[in-house]
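The next block is input_20.cif, given as mmCIF, C-alpha atoms.
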```cif
data_structure
loop_
_atom_site.label_atom_id
_atom_site.label_comp_id
_atom_site.auth_asym_id
_atom_site.auth_seq_id
_atom_site.Cartn_x
_atom_site.Cartn_y
_atom_site.Cartn_z
CA MET T 596 30.31 -3.57 8.43
CA THR T 597 29.92 -3.86 4.66
CA GLU T 598 27.75 -6.93 5.18
CA VAL T 599 25.43 -5.11 7.56
CA VAL T 600 24.96 -2.19 5.15
CA PHE T 601 24.46 -4.64 2.29
CA TYR T 602 21.71 -6.52 4.11
CA ILE T 603 19.97 -3.29 5.12
CA PHE T 604 19.83 -2.10 1.52
CA ALA T 605 18.93 -5.59 0.26
CA ALA T 606 15.97 -5.66 2.66
CA ALA T 607 14.97 -2.18 1.50
CA ALA T 608 15.16 -3.27 -2.14
CA VAL T 609 13.05 -6.41 -1.61
CA LEU T 610 10.49 -4.52 0.49
CA SER T 611 10.17 -1.72 -2.08
CA ALA T 612 9.88 -4.19 -4.96
CA THR T 613 7.15 -6.12 -3.11
CA LEU T 614 5.22 -2.93 -2.42
CA CYS T 615 5.77 -1.87 -6.05
CA ILE T 616 3.95 -4.91 -7.41
CA LEU T 617 1.21 -4.78 -4.74
CA GLN T 618 0.19 -1.11 -4.91
CA LYS T 619 -3.13 -0.40 -6.59
CA SER T 620 -2.17 3.04 -7.84
CA PRO T 621 0.38 3.08 -10.71
CA MET T 622 1.83 6.29 -9.28
CA ALA T 623 2.62 4.62 -5.94
CA SER T 624 4.07 1.64 -7.82
CA ALA T 625 6.38 3.94 -9.76
CA LEU T 626 7.60 5.69 -6.62
CA TRP T 627 8.32 2.36 -4.89
CA LEU T 628 10.23 1.28 -8.00
CA VAL T 629 12.34 4.44 -7.69
CA SER T 630 13.06 3.42 -4.10
CA THR T 631 14.16 -0.04 -5.31
CA MET T 632 16.49 1.53 -7.83
CA PHE T 633 18.09 3.79 -5.23
CA SER T 634 18.68 0.78 -2.95
CA LEU T 635 20.26 -1.06 -5.87
CA ALA T 636 22.51 1.94 -6.55
CA ALA T 637 23.71 1.79 -2.94
CA ILE T 638 24.40 -1.93 -3.36
CA TYR T 639 26.41 -1.21 -6.53
CA VAL T 640 28.61 1.13 -4.49
CA LEU T 641 29.19 -1.66 -1.96
CA LEU T 642 30.16 -3.96 -4.86
CA ASN T 643 32.86 -1.48 -6.02
CA ALA T 644 30.89 -0.28 -9.05
CA GLN T 645 30.62 3.42 -8.25
CA PHE T 646 30.21 4.56 -11.84
CA ILE T 647 27.41 2.07 -12.48
CA ALA T 648 25.73 3.32 -9.31
CA ALA T 649 25.89 6.88 -10.61
CA ILE T 650 24.37 6.04 -13.99
CA GLN T 651 21.79 3.85 -12.27
CA VAL T 652 20.54 6.93 -10.44
CA LEU T 653 20.85 9.19 -13.49
CA VAL T 654 19.41 6.92 -16.18
CA TYR T 655 17.00 4.62 -14.32
CA ALA T 656 15.78 6.63 -11.36
CA GLY T 657 16.15 9.85 -13.32
CA ALA T 658 15.29 9.45 -16.97
CA ILE T 659 13.29 6.22 -17.31
CA MET T 660 11.15 6.68 -14.21
CA VAL T 661 10.39 10.30 -15.11
CA LEU T 662 9.17 9.00 -18.48
CA PHE T 663 6.89 6.54 -16.64
CA LEU T 664 5.56 9.23 -14.31
CA PHE T 665 4.91 11.53 -17.26
CA VAL T 666 2.87 8.87 -19.03
CA ILE T 667 0.92 8.02 -15.85
CA MET T 668 0.05 11.66 -15.34
CA LEU T 669 -0.63 12.26 -19.04
CA LEU T 670 -3.13 9.38 -19.16
CA ASN T 671 -4.59 10.45 -15.78
CA LEU T 672 -4.17 6.98 -14.25
CA GLY T 673 -3.51 8.11 -10.70
CA HIS T 674 -6.78 6.78 -9.29
CA ALA T 675 -6.59 3.59 -7.28
CA GLU T 676 -8.73 1.04 -9.08
CA SER T 677 -7.76 -2.56 -8.61
CA ASP T 678 -6.26 -4.20 -11.66
CA PHE T 679 -5.24 -7.47 -10.05
CA ARG T 680 -6.13 -10.70 -11.78
CA GLY T 681 -8.48 -13.28 -10.30
CA THR T 682 -7.85 -15.88 -7.59
CA SER T 683 -6.75 -18.65 -9.94
CA SER T 684 -4.22 -16.33 -11.55
CA VAL T 685 -2.89 -15.35 -8.14
CA ALA T 686 -2.38 -19.02 -7.27
CA ALA T 687 -0.66 -19.65 -10.59
CA THR T 688 1.54 -16.59 -10.02
CA LEU T 689 2.57 -17.80 -6.58
CA VAL T 690 3.47 -21.24 -7.96
CA ILE T 691 5.41 -19.94 -10.97
CA ALA T 692 7.28 -17.14 -9.19
CA GLY T 693 7.88 -19.31 -6.12
CA LEU T 694 9.38 -22.13 -8.17
CA LEU T 695 11.53 -19.63 -10.07
CA ALA T 696 12.73 -18.10 -6.79
CA ILE T 697 13.57 -21.49 -5.27
CA GLU T 698 15.43 -22.45 -8.43
CA LEU T 699 17.44 -19.25 -8.59
CA LEU T 700 18.07 -19.00 -4.85
CA ALA T 701 20.48 -21.94 -5.16
CA LEU T 702 22.92 -19.29 -6.38
CA ILE T 703 23.34 -18.12 -2.77
CA HIS T 704 25.85 -20.90 -2.24
CA TYR T 705 28.23 -19.46 -4.80
CA THR T 706 31.50 -18.17 -3.44
CA PRO T 707 34.45 -16.98 -5.53
CA ARG T 708 36.29 -20.16 -4.60
CA ARG T 709 33.52 -22.47 -5.81
CA LEU T 710 33.10 -20.45 -8.99
CA ALA T 711 36.84 -20.66 -9.60
CA ASN T 712 36.72 -24.43 -9.15
CA GLU T 713 33.91 -24.81 -11.66
CA PHE T 714 35.43 -22.29 -14.02
CA SER T 715 38.81 -23.99 -14.26
CA GLN T 716 37.26 -27.50 -14.28
CA TRP T 717 40.00 -28.76 -12.04
CA PRO T 718 39.17 -31.21 -9.27
CA THR T 719 41.61 -29.76 -6.78
CA PHE T 720 41.53 -26.39 -5.13
CA THR T 721 42.07 -23.39 -7.37
CA ASP T 722 42.87 -20.01 -6.00
CA PRO T 723 40.24 -17.44 -7.12
CA ALA T 724 43.06 -14.89 -7.32
CA THR T 725 44.78 -16.83 -10.12
CA THR T 726 41.59 -17.84 -11.98
CA PHE T 727 39.91 -14.44 -12.04
CA VAL T 728 42.76 -12.13 -13.00
CA ALA T 729 40.50 -9.81 -14.99
CA GLY T 730 38.51 -8.71 -11.94
CA GLN T 731 41.64 -7.72 -10.06
CA VAL T 732 43.07 -5.93 -13.09
CA THR T 733 39.85 -3.89 -13.24
CA GLN T 734 40.07 -3.09 -9.53
CA GLN T 735 43.69 -1.99 -9.83
CA GLU T 736 42.97 0.08 -12.92
CA GLY T 737 40.06 1.68 -11.11
CA ALA T 738 42.31 2.54 -8.18
CA ALA T 739 45.04 3.90 -10.46
CA HIS T 740 43.10 5.82 -13.13
CA GLY T 741 39.62 6.21 -11.66
CA VAL T 742 36.54 4.02 -11.88
CA VAL T 743 35.22 5.71 -15.02
CA MET T 744 38.28 4.75 -17.05
CA ALA T 745 38.01 1.14 -15.89
CA VAL T 746 34.60 1.04 -17.62
CA ALA T 747 35.36 3.35 -20.53
CA ALA T 748 38.54 1.62 -21.74
CA PRO T 749 36.86 -1.73 -22.61
CA LEU T 750 33.74 0.08 -23.84
CA PHE T 751 35.67 2.02 -26.47
CA GLN T 752 38.20 -0.69 -27.33
CA VAL T 753 36.89 -4.25 -27.11
CA TYR T 754 33.17 -3.37 -27.31
CA LEU T 755 33.45 -0.50 -29.80
CA ILE T 756 31.25 -2.06 -32.51
CA PRO T 757 28.40 -3.04 -30.14
CA PHE T 758 28.65 0.48 -28.73
CA GLU T 759 28.21 2.00 -32.18
CA ILE T 760 25.30 -0.35 -32.98
CA THR T 761 23.68 0.92 -29.78
CA SER T 762 23.40 4.36 -31.40
CA ILE T 763 21.38 2.83 -34.26
CA LEU T 764 19.11 1.18 -31.67
CA LEU T 765 18.54 4.51 -29.94
CA LEU T 766 17.84 6.22 -33.27
CA ALA T 767 15.29 3.53 -34.12
CA ALA T 768 13.70 4.01 -30.68
CA ILE T 769 13.44 7.78 -31.18
CA VAL T 770 11.89 7.41 -34.63
CA GLY T 771 9.55 4.68 -33.40
CA ALA T 772 8.37 6.70 -30.41
CA VAL T 773 7.72 9.78 -32.55
CA VAL T 774 5.80 7.84 -35.20
CA LEU T 775 3.72 5.93 -32.63
CA ALA T 776 2.85 8.96 -30.55
CA LYS T 777 1.71 11.05 -33.55
CA ARG T 778 -1.95 12.00 -33.63
CA ASN T 779 -3.21 10.23 -36.74
CA VAL T 780 -1.96 6.64 -36.49
CA MET J 332 33.06 -9.96 -1.86
CA LEU J 333 29.33 -10.66 -1.20
CA LEU J 334 28.91 -12.75 -4.36
CA GLY J 335 26.33 -15.26 -3.08
CA PRO J 336 24.09 -12.74 -1.29
CA SER J 337 24.12 -10.45 -4.35
CA LEU J 338 23.08 -13.28 -6.65
CA ALA J 339 20.36 -14.29 -4.19
CA LEU J 340 19.03 -10.71 -4.03
CA SER J 341 19.07 -10.64 -7.82
CA ALA J 342 17.07 -13.89 -7.87
CA ILE J 343 14.47 -12.53 -5.42
CA LEU J 344 14.04 -9.28 -7.36
CA PHE J 345 13.71 -11.16 -10.66
CA SER J 346 11.04 -13.45 -9.17
CA LEU J 347 9.17 -10.44 -7.83
CA GLY J 348 9.25 -8.93 -11.31
CA VAL J 349 7.86 -12.14 -12.81
CA ALA J 350 5.16 -12.23 -10.13
CA GLY J 351 4.23 -8.63 -10.95
CA VAL J 352 3.94 -9.35 -14.67
CA LEU J 353 1.67 -12.32 -13.97
CA LEU J 354 -0.38 -10.54 -11.31
CA ARG J 355 -1.25 -7.16 -12.83
CA ARG J 356 -3.41 -6.10 -15.75
CA ASN J 357 -2.29 -2.47 -15.92
CA ALA J 358 0.07 -2.18 -18.90
CA ILE J 359 2.20 0.53 -17.28
CA VAL J 360 2.70 -1.44 -14.06
CA LEU J 361 3.60 -4.41 -16.25
CA PHE J 362 6.31 -2.32 -17.90
CA MET J 363 7.63 -1.29 -14.50
CA CYS J 364 7.87 -4.96 -13.51
CA ILE J 365 9.91 -5.59 -16.65
CA GLU J 366 12.24 -2.77 -15.61
CA LEU J 367 12.50 -4.48 -12.22
CA MET J 368 13.61 -7.71 -13.90
CA LEU J 369 16.20 -5.86 -15.99
CA ASN J 370 17.52 -4.28 -12.79
CA ALA J 371 17.82 -7.68 -11.16
CA VAL J 372 19.88 -8.95 -14.08
CA ASN J 373 22.06 -5.84 -13.87
CA LEU J 374 22.75 -6.63 -10.22
CA SER J 375 24.03 -10.11 -11.07
CA PHE J 376 26.20 -8.63 -13.85
CA VAL J 377 27.75 -6.18 -11.39
CA ALA J 378 28.27 -8.88 -8.75
CA LEU J 379 30.08 -11.16 -11.21
CA ALA J 380 32.08 -8.25 -12.66
CA GLN J 381 34.05 -8.28 -9.42
CA LEU J 382 35.58 -11.52 -10.66
CA HIS J 383 35.37 -11.26 -14.43
CA GLY J 384 36.47 -7.69 -14.93
CA ALA J 385 34.96 -4.69 -16.65
CA SER J 386 33.03 -6.69 -19.29
CA GLY J 387 30.22 -6.98 -16.77
CA TYR J 388 30.00 -3.21 -16.40
CA VAL J 389 29.90 -2.78 -20.19
CA MET J 390 27.06 -5.31 -20.34
CA VAL J 391 25.14 -3.30 -17.71
CA PHE J 392 25.59 -0.29 -20.00
CA PHE J 393 23.99 -2.10 -22.91
CA VAL J 394 21.15 -3.41 -20.75
CA MET J 395 20.40 0.13 -19.62
CA THR J 396 20.38 1.33 -23.24
CA VAL J 397 17.98 -1.40 -24.28
CA ALA J 398 15.79 -0.63 -21.25
CA ALA J 399 15.62 3.05 -22.18
CA ALA J 400 14.76 2.29 -25.81
CA GLU J 401 12.18 -0.29 -24.76
CA ALA J 402 10.55 2.10 -22.29
CA ALA J 403 10.32 4.88 -24.90
CA VAL J 404 8.75 2.71 -27.61
CA GLY J 405 6.58 0.73 -25.18
CA LEU J 406 5.13 3.81 -23.54
CA ALA J 407 4.44 5.32 -26.97
CA ILE J 408 2.51 2.14 -27.86
CA ILE J 409 0.59 2.38 -24.56
CA ILE J 410 -0.36 5.99 -25.33
CA GLY J 411 -1.54 4.88 -28.79
CA ILE J 412 -3.67 2.10 -27.27
CA PHE J 413 -5.09 4.50 -24.69
CA ARG J 414 -6.26 6.83 -27.49
CA HIS J 415 -8.23 4.02 -29.10
CA LYS J 416 -9.59 2.23 -26.03
CA GLN J 417 -9.54 4.90 -23.28
CA SER J 418 -7.95 2.22 -21.08
CA VAL J 419 -4.61 0.58 -20.42
CA ASP J 420 -6.16 -2.54 -18.89
CA LEU J 421 -4.77 -5.58 -20.69
CA GLY J 422 -8.12 -7.36 -20.25
CA ASN J 423 -9.65 -4.91 -22.75
CA ILE J 424 -6.89 -5.31 -25.33
CA ASN J 425 -7.86 -8.45 -27.21
CA LEU J 426 -7.70 -7.48 -30.88
CA LEU J 427 -5.34 -10.34 -31.67
CA ARG J 428 -7.49 -12.98 -30.00
CA GLY J 429 -9.05 -13.99 -33.32
#
```

Written as structure tokens, that's how I'd like the structure from this file.
Amino acid sequence: MTEVVFYIFAAAAVLSATLCILQKSPMASALWLVSTMFSLAAIYVLLNAQFIAAIQVLVYAGAIMVLFLFVIMLLNLGHAESDFRGTSSVAATLVIAGLLAIELLALIHYTPRRLANEFSQWPTFTDPATTFVAGQVTQQEGAAHGVVMAVAAPLFQVYLIPFEITSILLLAAIVGAVVLAKRNV
Amino acid sequence: MLLGPSLALSAILFSLGVAGVLLRRNAIVLFMCIELMLNAVNLSFVALAQLHGASGYVMVFFVMTVAAAEAAVGLAIIIGIFRHKQSVDLGNINLLRG
């Protein structure tokens, strides 16, 4: 059952992403990108990451895409005028993206068991359950204390300093956006 | 567990993002394709977090923060360019060509 739902949303995500890069109008592209992000949020739920799914909808589909739509409307870019590159560029794109896809699609063969074997560098069989303890600890903690705490505990303990540096990054982004968008630059 | 299919979906979405960046000349659509690539990477982080624990989720957090900051600054730059050139077509933006 989970597999069927996963493949439905995966197909929706790929279809929306394809339409996103092929639409002439930036507005239509943005709306198809929102559709991709919602499909990805559904897939996150299937992968037991409910909190990430929630902030995917809030931050990506909510905040970032609204920013994009605001800019598209502010610059009055809604008209469909083709901005695709020429034939040679299309051929080059197909070759580059196709090669990249073929290269990366080899990852489909990865199962937890194979990853555990490579991870422990042991020629014989290794049980994924013993190699990847951390994942199960997270699942159990999520079941015991809620999925938010399973994310928040490492964020505010192990990754506290990167988290604080993030605030400086956001401050720099705010100042940068204000300075760049001022009238007389 | 769905590890392999998730990684494959991530690969397809990332390739589509690369194709979009190479195919389009509209700066805003280009930015959206970059967001698509960041989303694809997030998906592989979440898929592997099933095995490696909550570090993957924390990484997704940081990627989202960087994406938000990048979108804010990038769109401000696009607005600045639009004021000068009345266009966001990358074919018209060639000041650095020398």

Find the residues of chain J that sit at most 7 Å from chain T; for each, write down the nearest two atoms and how far apart they are in Å, to one decimal. Count all atoms listed in the file. Sort by chain, then by number going up, and give it as CSV.
```
residue,atom,partner,partner_atom,distance
J:Leu334,CA,T:Thr706,CA,6.1
J:Gly335,CA,T:Ile703,CA,4.1
J:Pro336,CA,T:Ile703,CA,5.6
J:Leu338,CA,T:Leu702,CA,6.0
J:Ala339,CA,T:Ile703,CA,5.1
J:Leu340,CA,T:Ala605,CA,6.7
J:Ala342,CA,T:Leu699,CA,5.4
J:Ile343,CA,T:Ala696,CA,6.0
J:Leu344,CA,T:Val609,CA,6.5
J:Ser346,CA,T:Ala692,CA,5.3
J:Leu347,CA,T:Thr613,CA,6.7
J:Val349,CA,T:Ala692,CA,6.2
J:Ala350,CA,T:Ala692,CA,5.4
J:Gly351,CA,T:Ile616,CA,5.1
J:Leu353,CA,T:Thr688,CA,5.8
J:Leu354,CA,T:Arg680,CA,5.8
J:Arg355,CA,T:Phe679,CA,4.9
J:Arg356,CA,T:Asp678,CA,5.3
J:Asn357,CA,T:Asp678,CA,6.1
J:Val360,CA,T:Pro621,CA,6.1
J:Ala378,CA,T:Leu642,CA,6.6
J:Ala380,CA,T:Gly730,CA,6.5
J:Gln381,CA,T:Gly730,CA,5.1
J:Leu382,CA,T:Gly730,CA,4.3
J:His383,CA,T:Gly730,CA,4.7
J:Gly384,CA,T:Gly730,CA,3.8
J:Ala385,CA,T:Val746,CA,5.8
J:Tyr388,CA,T:Val746,CA,6.4
J:Val389,CA,T:Leu750,CA,6.0
J:Ala399,CA,T:Ile659,CA,6.3
J:Ala400,CA,T:Ala768,CA,5.3
J:Ala403,CA,T:Ala772,CA,6.1
J:Val404,CA,T:Ala772,CA,4.9
J:Ala407,CA,T:Ala776,CA,5.3
J:Ile408,CA,T:Leu775,CA,6.2
J:Ile410,CA,T:Ala776,CA,6.8
J:Gly411,CA,T:Ala776,CA,6.2
```

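Rounded to one decimal, atom CA of Ala371 of chain J and atom CA of Ser337 of chain J lie 9.7 Å from each other.
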
Task: Spatial neighbours of Val391 of chain J, 8 Å, all atoms listed in the file, chain gap at least 2 places, as a PyMOL selection string - done: (chain T and resi 647) or (chain J and resi 373+376-377+387-389+393-395)

Open item on the list: Calculated over all atoms listed in the file, which of the candidates J:Leu333, J:Leu367, J:Val419, J:Met390 has the smallest distance to Leu406 of chain J?
Closed with: J:Val419

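Here atom CA of Ser630 of chain T is placed at a distance of 19.0 Å from atom CA of Val599 of chain T.
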
- [ ] Rounded to one decimal place, report the atom CA of Met596 of chain T-atom CA of Leu374 of chain J distance in Å.
- [x]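 For atom CA of Met596 of chain T relative to atom CA of Leu374 of chain J, the distance reads 20.4 Å.
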
- [ ] Expand the PyMOL selection byres ((chain J and resi 366) around 9) into the individual residues it matches in the shown file, reporting them as a list in words.
- [x]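 Selected by the PyMOL selection byres ((chain J and resi 366) around 9) in this file: Leu628 and Tyr655 of chain T; Gly348, Leu361, Phe362, Met363, Cys364, Ile365, Leu367, Met368, Leu369, Asn370, Ala371, Ala398 and Ala402 of chain J.
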
With 8 Å of padding per side, what axis-aligned box (centre and edge lengths, Å, one decimal) covers all the listed atoms of segment 657-663 of chain T? Give it as lines of an AutoDock Vina configuration file.
```
center_x = 11.5
center_y = 8.3
center_z = -15.9
size_x = 25.3
size_y = 20.1
size_z = 21.2
```
